[in-house]
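Student: Just my_file.csv, nothing more (CSV, C-alpha atoms and all ligand atoms):
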chain,number,residue,atom,x,y,z
S,18,MET,CA,6.3,-4.4,14.9
S,19,GLY,CA,5.3,-2.4,17.9
S,20,ARG,CA,6.4,0.6,16.0
S,21,ALA,CA,4.1,-0.1,13.1
S,22,GLU,CA,1.1,-0.6,15.4
S,23,GLY,CA,1.8,2.7,17.1
S,24,ARG,CA,2.0,4.4,13.8
S,25,ARG,CA,-1.4,3.0,12.8
S,26,ALA,CA,-3.0,3.9,16.1
S,27,ASN,CA,-2.8,7.6,15.5
S,28,ARG,CA,-4.5,7.5,12.1
S,29,PRO,CA,-8.2,7.5,12.8
S,30,ALA,CA,-8.9,9.0,9.3
S,31,ALA,CA,-7.5,6.0,7.6
S,32,VAL,CA,-9.6,3.7,9.6
S,33,LEU,CA,-12.7,5.7,8.8
S,34,VAL,CA,-12.0,5.6,5.1
S,35,GLY,CA,-11.5,1.9,5.5
S,36,LEU,CA,-15.0,1.5,7.0
S,37,ILE,CA,-16.5,3.5,4.2
S,38,SER,CA,-14.9,1.2,1.6
S,39,VAL,CA,-16.1,-1.8,3.4
S,40,THR,CA,-19.7,-0.4,3.4
S,41,LEU,CA,-19.4,0.4,-0.4
S,42,LEU,CA,-18.2,-3.2,-0.9
S,43,ALA,CA,-21.2,-4.6,1.0
S,44,ALA,CA,-23.6,-2.5,-1.1
S,45,SER,CA,-21.9,-3.5,-4.3
S,46,ALA,CA,-21.9,-7.2,-3.4
S,47,CYS,CA,-25.7,-7.0,-2.9
S,48,SER,CA,-26.4,-5.4,-6.3
S,49,SER,CA,-23.9,-7.1,-8.6
S,50,GLY,CA,-25.0,-10.6,-8.1
S,51,SER,CA,-22.7,-13.3,-9.4
S,52,LYS,CA,-20.0,-11.1,-10.9
S,53,ALA,CA,-16.6,-12.3,-9.7
S,54,THR,CA,-14.2,-9.9,-8.1
S,55,PRO,CA,-11.0,-9.5,-10.0
S,56,LEU,CA,-8.0,-10.8,-8.1
S,57,THR,CA,-4.5,-9.3,-8.7
S,58,THR,CA,-1.5,-11.1,-7.2
S,59,ILE,CA,1.4,-8.8,-6.2
S,60,PHE,CA,4.6,-9.9,-4.6
S,61,VAL,CA,7.5,-7.9,-3.1
S,62,GLN,CA,11.1,-8.9,-3.8
S,63,LYS,CA,14.2,-6.7,-3.2
S,64,PHE,CA,12.0,-3.8,-2.0
S,65,ARG,CA,10.0,-3.7,-5.2
S,66,TYR,CA,6.3,-4.5,-6.0
S,67,HIS,CA,5.9,-7.0,-8.8
S,68,GLY,CA,2.7,-7.9,-10.7
S,69,MET,CA,0.8,-4.7,-10.0
S,70,PRO,CA,-0.8,-3.4,-13.2
S,71,THR,CA,-0.4,0.3,-14.1
S,72,THR,CA,-4.1,0.5,-15.0
S,73,LEU,CA,-7.1,-1.1,-13.2
S,74,LYS,CA,-10.8,-1.0,-13.9
S,75,SER,CA,-12.9,1.0,-11.4
S,76,GLY,CA,-14.9,-1.0,-8.9
S,77,VAL,CA,-14.3,-3.7,-6.4
S,78,GLN,CA,-10.8,-5.2,-6.7
S,79,GLN,CA,-9.1,-7.8,-4.6
S,80,PHE,CA,-5.4,-8.0,-4.0
S,81,LEU,CA,-3.2,-10.8,-2.8
S,82,PHE,CA,0.1,-9.4,-1.5
S,83,GLU,CA,3.0,-11.8,-1.0
S,84,ASN,CA,6.3,-11.2,0.7
S,85,LYS,CA,8.9,-13.1,-1.2
S,86,GLU,CA,12.1,-11.7,0.2
S,87,SER,CA,15.0,-14.1,0.8
S,88,LEU,CA,15.6,-13.0,4.4
S,89,PRO,CA,13.2,-12.0,7.3
S,90,ILE,CA,11.6,-8.6,6.8
S,91,THR,CA,8.2,-7.0,7.1
S,92,HIS,CA,6.6,-5.3,4.1
S,93,GLU,CA,3.2,-3.7,3.6
S,94,MET,CA,1.1,-2.5,0.7
S,95,ILE,CA,-0.7,0.7,1.7
S,96,PRO,CA,-3.0,2.1,-1.0
S,97,ILE,CA,-3.1,5.9,-1.2
S,98,ALA,CA,-4.8,8.5,-3.5
S,99,LEU,CA,-2.3,10.8,-5.2
S,100,PRO,CA,-3.5,14.4,-5.4
S,101,SER,CA,-3.4,16.1,-8.8
S,102,GLY,CA,0.1,16.8,-9.8
S,103,LYS,CA,1.7,14.4,-7.4
S,104,THR,CA,3.5,11.2,-8.5
S,105,ALA,CA,5.1,8.2,-6.9
S,106,GLN,CA,8.4,10.1,-7.0
S,107,ASP,CA,6.9,12.7,-4.5
S,108,VAL,CA,6.1,9.8,-2.1
S,109,ILE,CA,9.6,8.5,-2.5
S,110,ASN,CA,11.2,11.9,-1.9
S,111,ASP,CA,9.2,12.6,1.2
S,112,ALA,CA,10.0,9.3,2.8
S,113,LYS,CA,13.7,9.5,2.4
S,114,GLY,CA,16.0,9.3,5.4
S,115,PRO,CA,16.3,7.2,8.5
S,116,ALA,CA,13.4,6.4,10.8
S,117,ASP,CA,13.8,9.5,12.8
S,118,ALA,CA,14.2,11.8,9.8
S,119,THR,CA,11.7,14.5,9.1
S,120,PRO,CA,9.4,13.8,7.4
S,121,GLY,CA,11.0,10.4,6.6
S,122,ALA,CA,8.8,7.5,7.7
S,123,ALA,CA,6.3,9.9,9.2
S,124,SER,CA,5.5,11.2,5.7
S,125,GLU,CA,3.0,8.3,5.5
S,126,ASP,CA,0.5,10.6,7.2
S,127,GLU,CA,0.8,13.2,4.4
S,128,TRP,CA,-1.1,10.9,2.0
S,129,LEU,CA,-4.8,10.0,1.9
S,130,HIS,CA,-5.1,6.3,2.7
S,131,ILE,CA,-7.9,4.9,0.7
S,132,GLY,CA,-8.4,1.5,2.2
S,133,GLY,CA,-8.4,-0.3,5.4
S,134,ASP,CA,-5.0,-1.3,6.4
S,135,PHE,CA,-3.5,-4.2,4.6
S,136,GLY,CA,-1.9,-6.3,7.3
S,137,ALA,CA,1.9,-6.1,7.0
S,138,ALA,CA,3.4,-9.4,5.7
S,139,ASP,CA,6.6,-11.0,7.0
S,140,THR,CA,8.8,-12.9,4.6
S,141,GLY,CA,6.9,-16.0,3.4
S,142,ALA,CA,3.5,-14.6,4.4
S,143,SER,CA,0.7,-13.2,2.3
S,144,VAL,CA,-2.3,-11.0,3.0
S,145,VAL,CA,-5.5,-10.3,1.0
S,146,GLU,CA,-7.4,-7.1,0.8
S,147,THR,CA,-10.5,-5.9,-1.0
S,148,LEU,CA,-10.9,-2.3,-2.1
S,149,PHE,CA,-13.5,-0.3,-3.9
S,150,LEU,CA,-11.6,1.9,-6.3
S,151,PRO,CA,-13.2,4.9,-8.0
S,152,PRO,CA,-11.5,6.3,-11.1
S,153,GLY,CA,-8.3,8.3,-10.2
S,154,THR,CA,-4.6,8.1,-9.6
S,155,TYR,CA,-3.2,6.0,-6.8
S,156,ALA,CA,-0.1,4.4,-5.4
S,157,ILE,CA,0.8,1.6,-3.2
S,158,ALA,CA,3.7,2.1,-0.8
S,159,CYS,CA,5.5,0.6,2.2
S,160,TRP,CA,6.6,2.7,5.1
S,161,GLN,CA,8.1,-0.1,7.1
S,162,THR,CA,11.6,0.6,8.3
S,163,GLY,CA,13.2,-2.8,8.8
S,164,ASN,CA,16.3,-4.0,7.0
S,165,LEU,CA,16.7,-7.3,5.3
S,166,GLY,CA,17.5,-9.9,7.9
S,167,GLY,CA,17.0,-7.5,10.9
S,168,GLY,CA,17.6,-4.1,12.3
S,169,GLU,CA,16.1,-0.7,11.4
S,170,GLY,CA,16.8,1.6,8.5
S,171,ASP,CA,15.1,4.1,6.2
S,172,ALA,CA,11.4,3.8,5.4
S,173,HIS,CA,11.0,1.5,2.4
S,174,ALA,CA,9.1,4.1,0.4
S,175,GLY,CA,12.2,6.3,0.6
S,176,ARG,CA,14.2,3.4,-0.9
S,177,GLY,CA,11.8,3.3,-3.8
S,178,MET,CA,9.1,1.0,-2.6
S,179,VAL,CA,6.2,2.9,-4.2
S,180,PHE,CA,4.2,2.0,-7.3
S,181,GLN,CA,1.8,4.3,-9.1
S,182,PHE,CA,-1.3,3.2,-10.9
S,183,THR,CA,-4.4,4.6,-12.5
S,184,VAL,CA,-8.0,3.5,-12.1
S,185,THR,CA,-10.3,4.0,-15.2
S,186,SER,CA,-14.1,4.1,-15.4
B,201,CU,CU,8.6,-2.6,2.8
Kindly return the structure encoded in the file as structure tokens.
Tutor:
Amino acid sequence: MGRAEGRRANRPAAVLVGLISVTLLAASACSSGSKATPLTTIFVQKFRYHGMPTTLKSGVQQFLFENKESLPITHEMIPIALPSGKTAQDVINDAKGPADATPGAASEDEWLHIGGDFGAADTGASVVETLFLPPGTYAIACWQTGNLGGGEGDAHAGRGMVFQFTVTS
């Protein structure tokens, strides 16, 4: 877990984007009155996201992320914008390899993070995050490196823990 915090600490750009999204959220909350924010429940099991739609409406979206693995492990759900021509498979390919591989887990920094950090969730725990999503192509991914039940291994994104989705206007 110290590892994850260290990784976050040298990503000021992600924090800045997160602050911008919070500001947009505040502005939107003032103008949209009583409109309820859509809530999507996503859970992770066997290193895969379940319940995330492939298409979402543009605007303020709220996500509940649950870790439903059977053994202790930490997962995360980091939202990134996919540049034109890139897909979830590119995220997977770049993240392959053990924690010290290049780029491996460090490939997280290649991608534009579009939200504040979702807190990582240990088995049995859940986190909630609110995002403002303009139209575009995105993915959620996990660059944690733990193995089920303990120990360290490849970044989860390299093991396929990436899900691509589109936001429409
Ligand atoms: Cu994970």
Student: Which residues of chain S come within 7 Å of ligand CU 201 (chain B), and what is each one's closest atom pair and distance in Å (one decimal), counting only C-alpha atoms and all ligand atoms, sorted by chain and residue number, as a Markdown table?
Tutor:
| residue | atom | partner | partner_atom | distance |
| --- | --- | --- | --- | --- |
| S:Phe64 | CA | B:CU201 | CU | 6.0 |
| S:Thr91 | CA | B:CU201 | CU | 6.2 |
| S:His92 | CA | B:CU201 | CU | 3.6 |
| S:Glu93 | CA | B:CU201 | CU | 5.6 |
| S:Cys159 | CA | B:CU201 | CU | 4.5 |
| S:Trp160 | CA | B:CU201 | CU | 6.1 |
| S:Gln161 | CA | B:CU201 | CU | 5.0 |
| S:His173 | CA | B:CU201 | CU | 4.8 |
| S:Met178 | CA | B:CU201 | CU | 6.5 |
Student: If we count only C-alpha atoms and set the cut-off at 12 Å, which residues sit around Ile95 of chain S, ignoring sequence neighbours fewer than 2 positions away in its own chain? Please answer as a count of residues only.
Tutor: 40
Student: By how many Å are atom CA of Thr147 of chain S and atom CA of Ser186 of chain S apart?
Tutor: 17.9 Å
Student: So how far away is atom CA of Ala112 of chain S from atom CA of Gly168 of chain S, in Å?
Tutor: 18.1 Å
Student: Can you tell me which residues surround Ser101 of chain S at a distance of at most 12 Å, considering all atoms listed in the file, apart from same-chain residues fewer than 4 positions away, and format the answer as a VMD selection string?
Tutor: chain S and resid 105 107 153 to 155
Student: One number please: atom CA of Pro151 of chain S to atom CA of Lys103 of chain S, in Å, one decimal.
Tutor: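 Going from atom CA of Pro151 of chain S over to atom CA of Lys103 of chain S, I get 17.7 Å.
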Student: Between S:Gly177, S:Asp171, S:Gln62, S:Val184, which is the closest to Thr119 of chain S once you count all atoms listed in the file?
Tutor: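 Once distances to Thr119 of chain S are computed over all atoms listed in the file, the minimum belongs to S:Asp171.
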